[in-house]
Amino acid sequence: MIRSEILKEIAPILRDQLVVCNIGLPSQELHMIDDQPTNFYMLGTMGLSSSIGFGLALAQDKKVISIDGDGSVLTNFGTLPTIANNVADNFILLIIDNGSYGSTGDQPTYAGKKTSLAAVARACGCGNVVEVPAEETGKALQAALDGDRMTIIVAKCESGNIKVPVITMDPVVIRDRFMKSVQA
Amino acid sequence: MSINTKIVDDLVANDISFVTTVPCKQLAGVIDEIDTRPDVLHVPSNKEDEGMGLCAGAWMGGKRPAIIMQNTAIGVTINTLATLIQYYRMPLPMLISYRGELREPVACQVEMAVHTKALLAQMNIPTYHFHIQSDADELDAILKYTFMCNKPVAILTDANFWGGYGDQ
């Protein structure tokens, strides 16, 4: 399975949740598969999906899912100790780990080599870290939503991209409809 | 009233309830004061761009945020300021320790100090420079302005404002 197939499979689970989605192809794919006002698409700022989602989770009670990638987590490794040390049980970090920088031409990341993001998350103090094969992502995500514990999911999948249009929605529109969904 | 108490009183009076920090010794007293306030959630961050991500999320979740950092962080956060805070039009007061100004003992700090205001000007970020303690009288108005216009706003506080480093 590649990332877009995971997103297609979990779209029905994501639909009713607050989702912060990673820059580039992940946001473009989610936007194409199932655009929702509850989705906050990152149009720039690689690496901050987990930080934005975590700040949101700390500020209010609804559950928040940050969809991140292995390359983006590597860019912002400092996020994991912050998440571990300020537990928000309404926060789920879903790292779709395809071992590559998908949006820039599938260059390999270190997460596809020797580095285990699940092991790093545990070493940072995150208490509830699960690593699953791509096919079990939906099951793991549903279990995380059903539990009331902060969860880090590392979903291992193959690298590869589909053709998707860029998001042309104005960022202030994305942000405004998202904030209205948060308040609803 | 100490300057630290006055600054944090102004933050609280403006409903700021989420603060992230990357520390500086000049701002240590403010950070200590924040930790005494039950109305403010203090989440230390490891890098300033990470902190701005936390602030963006907190604001979308209904809390007014602020970030406390050194001016060296301007070099770290240009992309985040442009593509997150400004692009999505979010308010962000940045209380900044302005290292490398008059009474600075560490020469390397001057290297970023000479770029700080130019970078902020290039980014069209409203910038206020506190040099003597009475400059902080404007903090309340600066915070109101920030949340009125939904922009990042820089408040530079130099060594003279904090009383210098003693006899160095």
# chains A, B, ... in the order shown; residues from 1 in each chain; ligands from 1
$ interface_residues --of "chain A" --to "chain B" --cutoff "7 Å" --atoms "only C-alpha atoms" --output "JSON, numbers by chain"
{"A": [44, 45, 48, 51, 52, 53, 54, 55, 56, 58, 59, 60, 78, 79, 82, 171, 172, 175, 179, 182]}
$ select_by_dssp --residues "region 1-182 of chain A" --states "strand (DSSP E)" --output "VMD selection string"
chain A and resid 18 to 21 39 to 41 64 to 69 91 to 97 100 to 101 107 to 108 129 to 133 151 to 156
$ write_last_selection --atoms "N, CA and C atoms" --output "tab-separated table (two decimals), in the first residue's frame"
chain	number	residue	atom	x	y	z
A	18	LEU	N	-11.24	16.33	13.85
A	18	LEU	CA	-10.36	17.46	13.51
A	18	LEU	C	-9.02	16.88	13.05
A	19	VAL	N	-8.64	17.22	11.82
A	19	VAL	CA	-7.43	16.65	11.22
A	19	VAL	C	-6.50	17.79	10.79
A	20	VAL	N	-5.25	17.71	11.21
A	20	VAL	CA	-4.21	18.62	10.70
A	20	VAL	C	-3.34	17.78	9.77
A	21	CYS	N	-3.26	18.20	8.51
A	21	CYS	CA	-2.61	17.34	7.52
A	21	CYS	C	-1.32	17.97	6.99
A	39	ASN	N	-10.77	19.57	8.08
A	39	ASN	CA	-9.37	19.33	7.69
A	39	ASN	C	-8.62	20.65	7.63
A	40	PHE	N	-7.49	20.72	8.33
A	40	PHE	CA	-6.59	21.87	8.19
A	40	PHE	C	-5.43	21.43	7.30
A	41	TYR	N	-5.41	21.98	6.08
A	41	TYR	CA	-4.36	21.62	5.14
A	41	TYR	C	-3.17	22.55	5.32
A	64	VAL	N	-8.01	15.36	18.22
A	64	VAL	CA	-7.25	15.93	17.11
A	64	VAL	C	-6.33	14.84	16.55
A	65	ILE	N	-6.37	14.70	15.22
A	65	ILE	CA	-5.45	13.77	14.56
A	65	ILE	C	-4.49	14.60	13.70
A	66	SER	N	-3.21	14.50	13.98
A	66	SER	CA	-2.20	15.09	13.09
A	66	SER	C	-1.68	14.00	12.18
A	67	ILE	N	-1.82	14.24	10.86
A	67	ILE	CA	-1.23	13.30	9.90
A	67	ILE	C	0.12	13.85	9.50
A	68	ASP	N	1.14	13.03	9.74
A	68	ASP	CA	2.50	13.49	9.46
A	68	ASP	C	3.21	12.46	8.60
A	69	GLY	N	4.40	12.79	8.15
A	69	GLY	CA	5.20	11.84	7.38
A	69	GLY	C	6.53	11.62	8.07
A	91	PHE	N	-5.08	13.67	21.74
A	91	PHE	CA	-4.18	13.86	20.59
A	91	PHE	C	-3.70	12.53	20.03
A	92	ILE	N	-3.82	12.42	18.71
A	92	ILE	CA	-3.29	11.25	18.00
A	92	ILE	C	-2.35	11.75	16.91
A	93	LEU	N	-1.14	11.24	16.92
A	93	LEU	CA	-0.18	11.56	15.85
A	93	LEU	C	-0.06	10.32	14.96
A	94	LEU	N	-0.51	10.47	13.72
A	94	LEU	CA	-0.43	9.37	12.75
A	94	LEU	C	0.72	9.67	11.79
A	95	ILE	N	1.80	8.94	11.94
A	95	ILE	CA	2.96	9.12	11.06
A	95	ILE	C	2.87	8.07	9.94
A	96	ILE	N	2.63	8.53	8.73
A	96	ILE	CA	2.63	7.62	7.60
A	96	ILE	C	4.07	7.54	7.10
A	97	ASP	N	4.69	6.41	7.37
A	97	ASP	CA	6.14	6.25	7.18
A	97	ASP	C	6.39	5.41	5.93
A	100	SER	N	10.40	7.69	2.61
A	100	SER	CA	10.89	8.58	1.55
A	100	SER	C	10.27	9.97	1.65
A	101	TYR	N	10.96	10.92	1.04
A	101	TYR	CA	10.41	12.27	0.88
A	101	TYR	C	9.52	12.26	-0.36
A	107	GLN	N	13.02	10.70	-2.60
A	107	GLN	CA	14.37	10.48	-2.07
A	107	GLN	C	14.24	9.72	-0.74
A	108	PRO	N	15.12	8.76	-0.47
A	108	PRO	CA	14.99	7.98	0.77
A	108	PRO	C	15.23	8.83	2.02
A	129	VAL	N	2.87	4.11	21.93
A	129	VAL	CA	3.37	4.15	20.55
A	129	VAL	C	3.09	2.79	19.90
A	130	VAL	N	2.42	2.82	18.76
A	130	VAL	CA	2.16	1.55	18.05
A	130	VAL	C	2.70	1.67	16.63
A	131	GLU	N	3.35	0.62	16.18
A	131	GLU	CA	3.80	0.57	14.78
A	131	GLU	C	3.01	-0.53	14.09
A	132	VAL	N	2.43	-0.18	12.94
A	132	VAL	CA	1.57	-1.15	12.26
A	132	VAL	C	1.92	-1.18	10.77
A	133	PRO	N	1.66	-2.32	10.12
A	133	PRO	CA	1.77	-2.33	8.67
A	133	PRO	C	0.62	-1.50	8.07
A	151	THR	N	-1.93	8.85	21.58
A	151	THR	CA	-1.36	7.72	20.83
A	151	THR	C	-0.51	8.22	19.67
A	152	ILE	N	0.63	7.58	19.50
A	152	ILE	CA	1.47	7.81	18.32
A	152	ILE	C	1.38	6.53	17.48
A	153	ILE	N	0.92	6.67	16.24
A	153	ILE	CA	0.85	5.52	15.33
A	153	ILE	C	1.89	5.72	14.23
A	154	VAL	N	2.72	4.72	14.03
A	154	VAL	CA	3.65	4.74	12.90
A	154	VAL	C	3.16	3.67	11.92
A	155	ALA	N	2.63	4.12	10.79
A	155	ALA	CA	2.10	3.20	9.78
A	155	ALA	C	3.14	3.04	8.68
A	156	LYS	N	3.68	1.84	8.57
A	156	LYS	CA	4.75	1.58	7.59
A	156	LYS	C	4.12	1.23	6.24
$ closest_residue --among "B:Ala113, B:Arg37, B:Pro152, B:Pro93" --to "Ile78 (chain B)" --atoms "only C-alpha atoms"
B:Pro152
$ select_by_dssp --residues "region 33-134 of chain B" --states "alpha helix (DSSP H)" --output "PyMOL selection string"
chain B and resi 33-34+48-60+72-80+107-122
$ atom_distance --atom1 "CA of Ala144 (chain A)" --atom2 "CA of Leu7 (chain A)"
16.3 Å
$ residues_around --residues "Arg3 (chain A)" --least-positions-apart "6" --cutoff "8 Å" --atoms "only C-alpha atoms" --output "NGL selection string"
:A and (26 or 96 or 98 or 157-161)
$ residues_around --residues "Ile34 (chain B)" --least-positions-apart "4" --cutoff "9 Å" --atoms "only C-alpha atoms" --output "JSON, numbers by chain"
{"B": [4, 5, 8, 19, 29, 30, 38, 40, 41, 42]}
$ closest_residue --among "B:Val22, B:Ala121, B:Ile74, B:Ile142" --to "Pro91 (chain B)" --atoms "only C-alpha atoms"
B:Ile142
